[in-house]
file target_19.cif (mmCIF, C-alpha atoms)
data_start
#
loop_
_atom_site.label_atom_id
_atom_site.label_comp_id
_atom_site.auth_asym_id
_atom_site.auth_seq_id
_atom_site.Cartn_x
_atom_site.Cartn_y
_atom_site.Cartn_z
CA MET A 13 118.25 113.79 67.90
CA MET A 14 115.06 115.67 68.64
CA THR A 15 113.90 113.11 71.20
CA TRP A 16 114.04 115.69 73.97
CA LEU A 17 111.18 117.58 72.32
CA ARG A 18 108.88 114.71 73.25
CA PHE A 19 109.75 115.10 76.93
CA PRO A 20 109.47 118.82 77.61
CA LEU A 21 108.88 118.37 81.35
CA THR A 22 112.02 116.30 81.90
CA THR A 23 114.11 118.74 79.88
CA LEU A 24 112.74 121.69 81.85
CA ALA A 25 113.32 119.91 85.16
CA LEU A 26 116.93 119.19 84.23
CA LEU A 27 117.43 122.81 83.20
CA ALA A 28 115.98 123.97 86.54
CA LEU A 29 118.28 121.52 88.33
CA TRP A 30 121.31 122.96 86.54
CA LEU A 31 120.35 126.56 87.30
CA LEU A 32 119.80 125.74 90.98
CA LEU A 33 123.14 123.96 91.12
CA VAL A 34 125.16 126.84 89.65
CA GLY A 35 122.98 129.40 91.43
CA SER A 36 122.62 131.94 88.64
CA VAL A 37 120.35 132.73 85.71
CA GLU A 38 122.90 134.37 83.43
CA PRO A 39 122.19 133.80 79.72
CA GLY A 40 125.35 131.71 79.39
CA GLN A 41 124.32 129.35 82.15
CA VAL A 42 120.79 129.09 80.78
CA LEU A 43 122.20 128.18 77.36
CA LEU A 44 124.63 125.62 78.79
CA GLY A 45 121.93 124.18 81.03
CA ALA A 46 119.45 123.91 78.15
CA LEU A 47 122.08 122.20 75.99
CA LEU A 48 122.94 119.70 78.73
CA ALA A 49 119.27 119.07 79.53
CA ALA A 50 118.45 118.39 75.88
CA LEU A 51 121.47 116.13 75.45
CA ILE A 52 120.81 114.13 78.62
CA THR A 53 117.09 113.76 77.92
CA GLY A 54 117.73 112.73 74.30
CA GLY A 55 120.54 110.39 75.25
CA THR A 56 118.80 108.54 78.05
CA ALA A 57 115.16 108.47 76.86
CA GLY A 58 115.71 105.01 75.38
CA PHE A 59 116.43 103.54 78.81
CA TRP A 60 113.31 104.83 80.53
CA PRO A 61 110.44 102.46 81.23
CA ARG A 62 107.23 103.34 79.44
CA ARG A 63 104.92 104.98 81.87
CA ARG A 64 101.69 106.83 81.95
CA ARG A 65 101.90 110.58 82.02
CA PRO A 66 100.51 112.11 85.22
CA GLY A 67 97.68 114.52 84.59
CA ARG A 68 95.74 117.24 86.37
CA PRO A 69 98.32 119.50 88.01
CA TRP A 70 95.91 120.78 90.68
CA LEU A 71 95.39 117.25 91.97
CA ILE A 72 99.15 116.77 92.13
CA LEU A 73 99.50 119.99 94.10
CA ARG A 74 96.73 118.96 96.49
CA TYR A 75 98.42 115.58 96.95
CA LEU A 76 101.79 117.19 97.71
CA TRP A 77 100.21 119.61 100.19
CA ARG A 78 98.47 116.78 102.03
CA LEU A 79 101.73 114.81 101.99
CA ALA A 80 103.64 117.74 103.55
CA LEU A 81 101.08 118.10 106.36
CA ASP A 82 101.06 114.35 106.99
CA ILE A 83 104.86 114.22 107.15
CA LEU A 84 104.75 116.84 109.91
CA THR A 85 102.13 114.96 111.97
CA ALA A 86 103.96 111.68 111.33
CA ASN A 87 107.07 113.08 112.90
CA VAL A 88 105.35 114.40 115.98
CA ARG A 89 103.71 111.01 116.55
CA VAL A 90 106.94 109.08 116.09
CA ALA A 91 108.72 111.56 118.38
CA VAL A 92 106.15 111.05 121.14
CA LEU A 93 106.45 107.28 120.80
CA VAL A 94 110.24 107.37 120.90
CA LEU A 95 110.49 109.73 123.86
CA ASP A 96 107.79 108.20 126.08
CA ARG A 97 109.74 105.74 128.19
CA ARG A 98 106.76 103.86 129.58
CA ARG A 99 105.19 102.91 126.27
CA ARG A 100 106.33 99.90 124.34
CA PRO A 101 105.41 100.16 120.66
CA ARG A 102 103.22 97.37 119.32
CA PRO A 103 104.30 96.94 115.71
CA PHE A 104 102.46 94.87 113.11
CA PHE A 105 102.70 93.95 109.44
CA VAL A 106 99.92 94.45 106.91
CA GLU A 107 99.60 93.06 103.40
CA LEU A 108 98.04 95.72 101.23
CA PRO A 109 96.67 94.62 97.84
CA LEU A 110 97.22 97.51 95.45
CA ALA A 111 94.76 98.71 92.87
CA LEU A 112 97.46 100.80 91.20
CA GLU A 113 99.18 99.21 88.22
CA ASP A 114 101.60 101.76 86.84
CA PRO A 115 105.08 101.09 88.32
CA PHE A 116 105.81 104.78 88.80
CA ALA A 117 102.50 105.29 90.63
CA ILE A 118 103.32 102.30 92.85
CA TYR A 119 106.73 103.84 93.60
CA LEU A 120 105.04 107.10 94.61
CA PHE A 121 102.53 105.26 96.78
CA ALA A 122 105.21 103.19 98.53
CA SER A 123 107.31 106.31 99.16
CA THR A 124 104.29 108.12 100.54
CA VAL A 125 103.57 105.24 102.89
CA SER A 126 107.18 105.32 104.09
CA LEU A 127 107.14 109.05 104.79
CA THR A 128 103.78 109.27 106.58
CA PRO A 129 102.36 108.37 110.02
CA GLY A 130 103.94 105.35 111.61
CA THR A 131 104.24 103.20 108.48
CA VAL A 132 107.10 101.97 106.30
CA SER A 133 106.61 100.00 103.13
CA ALA A 134 108.88 96.97 103.38
CA ASP A 135 108.45 94.80 100.32
CA LEU A 136 106.52 94.36 97.08
CA ARG A 137 105.39 91.04 95.70
CA ARG A 138 103.17 89.80 92.91
CA PRO A 139 101.69 86.40 93.80
CA ALA A 140 101.51 84.03 90.86
CA ASP A 141 97.77 83.37 91.09
CA ASP A 142 96.44 86.89 90.70
CA GLY A 143 97.66 89.96 88.86
CA ARG A 144 97.52 92.34 91.77
CA THR A 145 100.61 93.59 93.55
CA LEU A 146 100.93 93.12 97.31
CA LEU A 147 102.66 95.78 99.35
CA LEU A 148 104.01 94.77 102.73
CA VAL A 149 103.55 97.64 105.18
CA HIS A 150 105.11 97.76 108.64
CA SER A 151 103.26 99.86 111.21
CA LEU A 152 105.10 101.15 114.25
CA ASP A 153 102.25 101.06 116.76
CA GLY A 154 98.65 100.06 117.39
CA GLY A 155 98.96 96.32 116.80
CA ASP A 156 97.04 95.53 119.96
CA ALA A 157 93.86 97.32 118.87
CA GLU A 158 90.93 95.37 117.42
CA GLY A 159 90.85 95.48 113.60
CA ALA A 160 93.93 97.69 113.40
CA SER A 161 95.20 96.25 110.13
CA GLU A 162 91.86 96.61 108.34
CA ARG A 163 91.61 100.21 109.47
CA LEU A 164 95.16 100.96 108.34
CA CYS A 165 94.51 99.41 104.92
CA ARG A 166 91.35 101.42 104.46
CA ASP A 167 93.00 104.66 105.56
CA LEU A 168 96.01 104.28 103.27
CA LYS A 169 93.83 103.35 100.31
CA GLN A 170 91.44 106.23 100.84
CA ARG A 171 94.02 108.86 101.66
CA TYR A 172 96.75 108.18 99.12
CA GLU A 173 95.82 105.49 96.64
CA GLN A 174 92.57 107.12 95.49
CA PRO A 175 94.21 110.47 94.60
CA LEU A 176 97.07 108.67 92.84
CA MET A 177 94.55 106.63 90.83
CA GLU A 178 92.97 109.87 89.68
CA ILE A 179 96.31 111.49 88.84
CA PHE A 180 97.50 108.49 86.81
CA ARG A 181 94.24 107.72 85.07
CA MET B 27 114.97 140.14 113.31
CA LEU B 28 111.97 138.10 112.26
CA ILE B 29 114.15 136.13 109.85
CA ASP B 30 116.64 135.55 112.64
CA LEU B 31 113.91 134.14 114.83
CA LEU B 32 112.57 131.95 112.03
CA VAL B 33 116.03 130.58 111.14
CA SER B 34 116.75 129.86 114.82
CA ALA B 35 113.44 128.05 115.26
CA LEU B 36 114.01 125.93 112.14
CA VAL B 37 117.58 125.07 113.14
CA LEU B 38 116.49 124.05 116.62
CA LEU B 39 113.51 122.06 115.33
CA GLY B 40 115.69 120.30 112.76
CA ALA B 41 118.36 119.40 115.30
CA ALA B 42 115.70 118.14 117.72
CA PHE B 43 114.15 115.86 115.10
CA ALA B 44 117.56 114.54 114.00
CA LEU B 45 118.33 113.74 117.63
CA ILE B 46 114.94 112.05 118.11
CA GLY B 47 115.62 109.93 115.02
CA SER B 48 118.91 108.77 116.50
CA ILE B 49 117.37 108.13 119.92
CA GLY B 50 114.77 106.00 118.15
CA LEU B 51 117.55 104.12 116.39
CA VAL B 52 119.09 103.17 119.72
CA ARG B 53 115.98 102.76 121.84
CA LEU B 54 113.37 100.97 119.72
CA PRO B 55 113.19 97.19 120.22
CA ASP B 56 113.68 95.52 116.82
CA PHE B 57 115.01 96.29 113.34
CA PHE B 58 111.67 97.07 111.69
CA THR B 59 110.69 99.56 114.39
CA ARG B 60 114.16 101.11 114.32
CA LEU B 61 113.63 101.71 110.61
CA HIS B 62 110.97 104.31 111.44
CA GLY B 63 113.28 106.72 113.27
CA PRO B 64 115.74 107.59 110.51
CA THR B 65 113.26 107.50 107.60
CA LYS B 66 110.92 110.01 109.16
CA ALA B 67 112.42 112.04 111.98
CA THR B 68 115.92 112.44 110.57
CA THR B 69 114.69 113.28 107.08
CA LEU B 70 112.34 115.98 108.37
CA GLY B 71 115.02 117.27 110.72
CA ILE B 72 117.52 117.80 107.97
CA GLY B 73 114.79 119.22 105.72
CA ALA B 74 114.08 121.90 108.34
CA MET B 75 117.78 122.68 108.69
CA LEU B 76 118.25 123.02 104.94
CA VAL B 77 115.30 125.41 104.71
CA ALA B 78 116.88 127.39 107.57
CA SER B 79 120.19 127.50 105.72
CA SER B 80 118.45 128.60 102.51
CA LEU B 81 116.65 131.40 104.39
CA TYR B 82 119.82 132.46 106.15
CA PHE B 83 121.96 132.76 103.03
CA SER B 84 119.16 134.38 101.03
CA THR B 85 118.99 137.23 103.55
CA GLN B 86 122.72 137.44 104.35
CA SER B 87 124.05 137.89 100.84
CA GLU B 88 122.48 139.30 97.70
CA GLY B 89 120.48 136.89 95.60
CA LEU B 90 118.50 133.84 96.55
CA ALA B 91 120.27 130.76 97.89
CA LEU B 92 117.97 128.00 96.74
CA HIS B 93 120.43 125.21 96.10
CA GLU B 94 119.81 123.74 99.57
CA LEU B 95 116.44 122.73 98.19
CA LEU B 96 118.25 120.30 95.89
CA ILE B 97 119.56 118.32 98.86
CA THR B 98 116.16 118.45 100.57
CA VAL B 99 114.33 117.09 97.53
CA PHE B 100 117.03 114.47 96.99
CA LEU B 101 116.80 113.25 100.59
CA PHE B 102 113.01 113.11 100.53
CA MET B 103 113.20 111.06 97.33
CA THR B 104 115.89 108.66 98.54
CA ALA B 105 114.92 108.10 102.20
CA PRO B 106 111.93 105.85 101.35
CA VAL B 107 114.01 103.98 98.77
CA SER B 108 116.82 103.17 101.21
CA ALA B 109 114.26 102.25 103.90
CA ASN B 110 112.60 99.88 101.45
CA LEU B 111 115.91 98.30 100.40
CA LEU B 112 116.95 97.86 104.03
CA ALA B 113 113.61 96.24 104.87
CA LYS B 114 114.01 93.89 101.90
CA ALA B 115 117.50 92.95 103.06
CA ALA B 116 116.22 92.37 106.62
CA LEU B 117 113.39 90.16 105.37
CA HIS B 118 115.86 88.21 103.26
CA LEU B 119 118.22 87.68 106.18
CA ARG B 120 115.30 86.79 108.49
CA VAL B 121 116.21 89.41 111.06
CA ARG B 122 114.34 89.11 114.36
CA SER B 123 111.00 90.91 114.25
CA ILE B 124 108.44 91.55 117.00
CA ALA B 125 105.58 91.73 114.52
CA ALA B 126 104.61 88.52 112.75
CA ILE B 127 105.72 88.53 109.11
CA PRO B 128 102.96 87.43 106.68
CA ARG B 129 103.63 84.09 105.01
CA ALA B 130 103.79 85.43 101.46
CA PHE B 131 106.82 87.53 102.41
CA ARG B 132 108.62 85.09 104.68
CA ASP B 133 110.72 83.29 102.08
CA SER B 134 112.90 85.39 99.82
CA MET C 18 121.28 137.54 117.69
CA ILE C 19 119.13 134.62 118.81
CA LEU C 20 120.82 132.50 116.19
CA ALA C 21 124.19 132.96 117.92
CA LEU C 22 122.64 131.50 121.06
CA VAL C 23 120.85 128.68 119.27
CA MET C 24 123.75 127.44 117.13
CA PRO C 25 125.87 125.83 119.91
CA VAL C 26 122.78 124.04 121.21
CA ALA C 27 121.93 122.71 117.76
CA LEU C 28 125.53 121.64 117.13
CA ALA C 29 125.59 119.82 120.46
CA MET C 30 122.35 118.03 119.62
CA ILE C 31 123.67 116.89 116.24
CA THR C 32 126.91 115.73 117.83
CA LEU C 33 124.92 113.71 120.34
CA ALA C 34 122.85 112.25 117.48
CA LEU C 35 126.08 111.28 115.67
CA LEU C 36 127.40 109.56 118.80
CA LEU C 37 124.14 107.65 119.21
CA ASN C 38 124.40 106.54 115.58
CA LEU C 39 127.93 105.36 116.21
CA TRP C 40 126.66 103.38 119.19
CA GLY C 41 123.99 101.83 116.96
CA LEU C 42 126.63 101.03 114.35
CA LEU C 43 128.83 99.24 116.88
CA ARG C 44 125.98 97.45 118.65
CA GLY C 45 124.15 96.04 115.64
CA PRO C 46 123.06 93.34 116.38
CA ASP C 47 122.42 92.35 112.73
CA MET C 48 123.91 93.60 109.48
CA PRO C 49 120.78 95.56 108.41
CA ASP C 50 120.89 97.38 111.77
CA ARG C 51 124.45 98.43 111.11
CA VAL C 52 123.69 99.62 107.58
CA LEU C 53 120.71 101.57 108.94
CA ALA C 54 122.94 103.20 111.56
CA LEU C 55 125.48 104.09 108.87
CA ASP C 56 122.71 105.55 106.71
CA THR C 57 121.53 107.71 109.61
CA LEU C 58 125.13 108.64 110.38
CA TYR C 59 125.70 110.12 106.94
CA ILE C 60 122.37 111.98 106.94
CA ASP C 61 123.27 113.50 110.29
CA SER C 62 126.70 114.45 108.95
CA ILE C 63 124.94 116.37 106.18
CA ALA C 64 123.04 118.17 108.94
CA LEU C 65 126.33 118.92 110.70
CA LEU C 66 127.83 120.34 107.48
CA VAL C 67 124.77 122.54 106.91
CA LEU C 68 125.00 123.86 110.48
CA LEU C 69 128.72 124.54 110.12
CA GLY C 70 127.93 126.44 106.92
CA ILE C 71 125.60 128.73 108.87
CA GLN C 72 128.01 128.97 111.81
CA PHE C 73 131.00 130.06 109.73
CA ASP C 74 128.87 131.99 107.24
CA SER C 75 130.29 130.10 104.28
CA GLN C 76 128.50 128.53 101.35
CA LEU C 77 131.43 126.23 100.62
CA TYR C 78 129.98 123.58 102.91
CA PHE C 79 127.05 123.13 100.56
CA GLU C 80 129.12 121.29 97.94
CA SER C 81 130.43 118.75 100.41
CA ALA C 82 126.92 118.25 101.80
CA LEU C 83 125.64 117.55 98.28
CA VAL C 84 128.43 115.06 97.52
CA LEU C 85 127.84 113.37 100.88
CA ALA C 86 124.11 113.03 100.11
CA LEU C 87 124.82 111.40 96.74
CA LEU C 88 127.57 109.07 98.00
CA GLY C 89 125.68 108.10 101.15
CA PHE C 90 122.62 107.00 99.20
CA LEU C 91 124.74 105.01 96.76
CA ALA C 92 126.59 103.36 99.66
CA THR C 93 123.33 102.30 101.30
CA VAL C 94 122.03 100.88 98.02
CA ALA C 95 125.28 99.00 97.46
CA PHE C 96 125.28 97.59 101.00
CA CYS C 97 121.68 96.41 100.65
CA ARG C 98 122.45 94.74 97.34
CA TYR C 99 125.40 93.06 98.95
CA LEU C 100 123.25 91.81 101.83
CA VAL C 101 120.60 90.40 99.51
CA ARG C 102 122.69 89.11 96.61
CA GLY C 103 126.09 88.53 98.16
CA ARG C 104 127.75 90.76 95.59
CA VAL C 105 127.35 94.32 94.39
CA ILE C 106 127.94 94.12 90.65
CA GLU C 107 126.63 91.24 88.59
#
call {"tool": "encode", "arguments": {"input": "target_19.cif", "output": "structure tokens"}}
result
Amino acid sequence: MMTWLRFPLTTLALLALWLLLVGSVEPGQVLLGALLAALITGGTAGFWPRRRRPGRPWLILRYLWRLALDILTANVRVAVLVLDRRRRPRPFFVELPLALEDPFAIYLFASTVSLTPGTVSADLRRPADDGRTLLLVHSLDGGDAEGASERLCRDLKQRYEQPLMEIFR
Amino acid sequence: MLIDLLVSALVLLGAAFALIGSIGLVRLPDFFTRLHGPTKATTLGIGAMLVASSLYFSTQSEGLALHELLITVFLFMTAPVSANLLAKAALHLRVRSIAAIPRAFRDS
Amino acid sequence: MILALVMPVALAMITLALLLNLWGLLRGPDMPDRVLALDTLYIDSIALLVLLGIQFDSQLYFESALVLALLGFLATVAFCRYLVRGRVIE
């Protein structure tokens, strides 16, 4: 019954969600929201996959800030590519071997890749021979340049995978 | 006045990005490149519009109107997931692609 | 003031975006293309609802936008499952 006590962050997030949804912070709503949050967290905790708890809030904040800036630049670049009639995009696929192991961290990484400059993560696969996960990334442009895929791999790893490794240590 | 200007700028920016996303959907050459338009441009466009709406209602009526943020967060969480699922489906159906698909992902 | 001038422009742009999505939906050429167009169509309809909310100064549009966001995502997921597995519920 007291399962929700072990997941204070989830309970708080659900409470915040409820308060945002009803748009008030009256004591009655807070009480109802807290009750619902505790019930939902307690009732569904058994279905959640075990995962590592993210640490170091300041790193998470820095990551989110960088992500927000990159989303903005990503959009400007895609916009230029879409609107320039003379340019034909040169797309290419890259297989990215991941160092991350935690499924939730991999989800965050794949989502980040999809939201940022010119890349969408298309598929995940774990080849039978080694334990590492392969992420298939589609890049919108730059396929004609020399060593484009190596550069893209290095950039993505350095920019997003490293911070995520530190957050989910 | 300043708020008015800010809301107008955000609304216009959002609409422009949503339109660019749709132009990309129609204009780009194959499925995997088309996937880029909606996941990025449209998501940011609607994010900007929701922030504008939140600002507008927070200044028009008493109290903060933050519930637009719920939709924004939800869309930013789900857009990559639907893009990924669509890409998986396209790989499975062997949709035409300009870029060469690596061998490990060709059969599914 | 400026907002009153900007709103018709923004509404026209979103309408144009919706029409382009419809064109993409009809053209295809493959099933994933159509699902993608549908996905974009519902996201742009959320944008239209949000704009109408500002235009008519009513917060009632928010609820429908929220429901549309939830249903649209579920629809896309269901379509993709159908494309990959051939059925939605196993």
call {"tool": "resolve_selection", "arguments": {"input": "target_19.cif", "expression": "the PyMOL selection byres ((chain B and resi 113) around 8)", "output": "MDAnalysis selection string"}}
result
(chainID A and resid 134:135) or (chainID B and resid 58 61 109:112 114:117)
call {"tool": "resolve_selection", "arguments": {"input": "target_19.cif", "expression": "the PyMOL selection byres ((chain C) within 12 of (chain A))", "output": "PDB file with C-alpha atoms, in the frame of the given file"}}
result
ATOM      1  CA  GLN C  76     128.500 128.530 101.350  1.00  0.00           C
ATOM      2  CA  PHE C  79     127.050 123.130 100.560  1.00  0.00           C
ATOM      3  CA  GLU C  80     129.120 121.290  97.940  1.00  0.00           C
ATOM      4  CA  LEU C  83     125.640 117.550  98.280  1.00  0.00           C
TER       5      LEU C  83
END
call {"tool": "resolve_selection", "arguments": {"input": "target_19.cif", "expression": "the PyMOL selection byres ((chain B) within 7 of (chain C))", "output": "ChimeraX atom specification"}}
result
/B:30-31,34,37-38,41-42,44-45,48-49,51-52,57,64,72,75-76,79,97,104,108,111-112,115-116,118
call {"tool": "interface_residues", "arguments": {"input": "target_19.cif", "of": "chain A", "to": "chain B", "cutoff": "7 Å", "atoms": "all atoms listed in the file", "output": "PDB file with C-alpha atoms, keeping the file's coordinate frame"}}
result
ATOM      1  CA  LEU A  32     119.800 125.740  90.980  1.00  0.00           C
ATOM      2  CA  LEU A  33     123.140 123.960  91.120  1.00  0.00           C
ATOM      3  CA  GLY A  35     122.980 129.400  91.430  1.00  0.00           C
ATOM      4  CA  ASN A  87     107.070 113.080 112.900  1.00  0.00           C
ATOM      5  CA  ALA A  91     108.720 111.560 118.380  1.00  0.00           C
ATOM      6  CA  VAL A  94     110.240 107.370 120.900  1.00  0.00           C
ATOM      7  CA  PRO A 103     104.300  96.940 115.710  1.00  0.00           C
ATOM      8  CA  PHE A 104     102.460  94.870 113.110  1.00  0.00           C
ATOM      9  CA  PHE A 105     102.700  93.950 109.440  1.00  0.00           C
ATOM     10  CA  SER A 123     107.310 106.310  99.160  1.00  0.00           C
ATOM     11  CA  SER A 126     107.180 105.320 104.090  1.00  0.00           C
ATOM     12  CA  LEU A 127     107.140 109.050 104.790  1.00  0.00           C
ATOM     13  CA  VAL A 132     107.100 101.970 106.300  1.00  0.00           C
ATOM     14  CA  SER A 133     106.610 100.000 103.130  1.00  0.00           C
ATOM     15  CA  ALA A 134     108.880  96.970 103.380  1.00  0.00           C
ATOM     16  CA  ASP A 135     108.450  94.800 100.320  1.00  0.00           C
ATOM     17  CA  LEU A 152     105.100 101.150 114.250  1.00  0.00           C
TER      18      LEU A 152
END
call {"tool": "atom_distance", "arguments": {"input": "target_19.cif", "atom1": "atom CA of A:Ile118", "atom2": "atom CA of A:Ile72"}}
result
15.1 Å
call {"tool": "atom_distance", "arguments": {"input": "target_19.cif", "atom1": "atom CA of A:Glu38", "atom2": "atom CA of A:Leu21"}}
result
21.4 Å
call {"tool": "atom_distance", "arguments": {"input": "target_19.cif", "atom1": "atom CA of A:Arg78", "atom2": "atom CA of A:His150"}}
result
21.2 Å
call {"tool": "decode", "arguments": {"input": "target_19.cif", "residues": "stretch 22-82 of chain C", "atoms": "C-alpha atoms", "output": "mmCIF file, in the first residue's frame"}}
result
data_model
loop_
_atom_site.group_PDB
_atom_site.id
_atom_site.type_symbol
_atom_site.label_atom_id
_atom_site.label_comp_id
_atom_site.auth_asym_id
_atom_site.auth_seq_id
_atom_site.Cartn_x
_atom_site.Cartn_y
_atom_site.Cartn_z
ATOM 1 C CA LEU C 22 -3.281 41.751 -37.494
ATOM 2 C CA VAL C 23 -1.162 38.638 -37.063
ATOM 3 C CA MET C 24 -3.958 36.157 -36.299
ATOM 4 C CA PRO C 25 -5.532 35.968 -39.801
ATOM 5 C CA VAL C 26 -2.073 35.453 -41.311
ATOM 6 C CA ALA C 27 -1.271 32.655 -38.876
ATOM 7 C CA LEU C 28 -4.664 31.016 -39.428
ATOM 8 C CA ALA C 29 -4.142 31.154 -43.192
ATOM 9 C CA MET C 30 -0.708 29.568 -42.837
ATOM 10 C CA ILE C 31 -2.060 26.723 -40.715
ATOM 11 C CA THR C 32 -4.914 26.174 -43.158
ATOM 12 C CA LEU C 33 -2.405 25.966 -45.990
ATOM 13 C CA ALA C 34 -0.340 23.500 -43.929
ATOM 14 C CA LEU C 35 -3.470 21.379 -43.371
ATOM 15 C CA LEU C 36 -4.216 21.357 -47.105
ATOM 16 C CA LEU C 37 -0.647 20.310 -47.881
ATOM 17 C CA ASN C 38 -0.982 17.488 -45.360
ATOM 18 C CA LEU C 39 -4.194 16.395 -47.036
ATOM 19 C CA TRP C 40 -2.360 16.374 -50.360
ATOM 20 C CA GLY C 41 0.365 14.226 -48.795
ATOM 21 C CA LEU C 42 -2.293 11.905 -47.373
ATOM 22 C CA LEU C 43 -3.928 11.426 -50.767
ATOM 23 C CA ARG C 44 -0.673 11.123 -52.707
ATOM 24 C CA GLY C 45 1.133 8.593 -50.535
ATOM 25 C CA PRO C 46 2.741 6.795 -52.325
ATOM 26 C CA ASP C 47 3.260 4.160 -49.584
ATOM 27 C CA MET C 48 1.323 3.398 -46.424
ATOM 28 C CA PRO C 49 3.956 4.877 -44.047
ATOM 29 C CA ASP C 50 3.792 8.136 -46.047
ATOM 30 C CA ARG C 51 0.055 8.285 -45.526
ATOM 31 C CA VAL C 52 0.316 7.580 -41.804
ATOM 32 C CA LEU C 53 2.992 10.278 -41.537
ATOM 33 C CA ALA C 54 0.725 12.748 -43.334
ATOM 34 C CA LEU C 55 -2.137 11.845 -40.996
ATOM 35 C CA ASP C 56 0.152 12.301 -37.985
ATOM 36 C CA THR C 57 1.149 15.762 -39.216
ATOM 37 C CA LEU C 58 -2.482 16.537 -39.989
ATOM 38 C CA TYR C 59 -3.584 15.974 -36.410
ATOM 39 C CA ILE C 60 -0.647 17.932 -34.962
ATOM 40 C CA ASP C 61 -1.533 20.842 -37.228
ATOM 41 C CA SER C 62 -5.179 20.577 -36.159
ATOM 42 C CA ILE C 63 -4.011 20.993 -32.564
ATOM 43 C CA ALA C 64 -2.250 24.152 -33.735
ATOM 44 C CA LEU C 65 -5.473 25.316 -35.391
ATOM 45 C CA LEU C 66 -7.445 24.720 -32.176
ATOM 46 C CA VAL C 67 -4.884 26.649 -30.119
ATOM 47 C CA LEU C 68 -5.060 29.565 -32.564
ATOM 48 C CA LEU C 69 -8.864 29.539 -32.506
ATOM 49 C CA GLY C 70 -8.682 29.616 -28.705
ATOM 50 C CA ILE C 71 -6.649 32.830 -28.881
ATOM 51 C CA GLN C 72 -8.821 34.260 -31.666
ATOM 52 C CA PHE C 73 -12.117 33.783 -29.818
ATOM 53 C CA ASP C 74 -10.565 34.403 -26.399
ATOM 54 C CA SER C 75 -11.854 31.119 -25.020
ATOM 55 C CA GLN C 76 -10.052 28.481 -23.003
ATOM 56 C CA LEU C 77 -12.572 25.817 -23.977
ATOM 57 C CA TYR C 78 -10.499 24.897 -27.008
ATOM 58 C CA PHE C 79 -7.721 23.647 -24.751
ATOM 59 C CA GLU C 80 -9.628 20.502 -23.746
ATOM 60 C CA SER C 81 -10.275 19.455 -27.319
ATOM 61 C CA ALA C 82 -6.630 20.135 -28.201
#
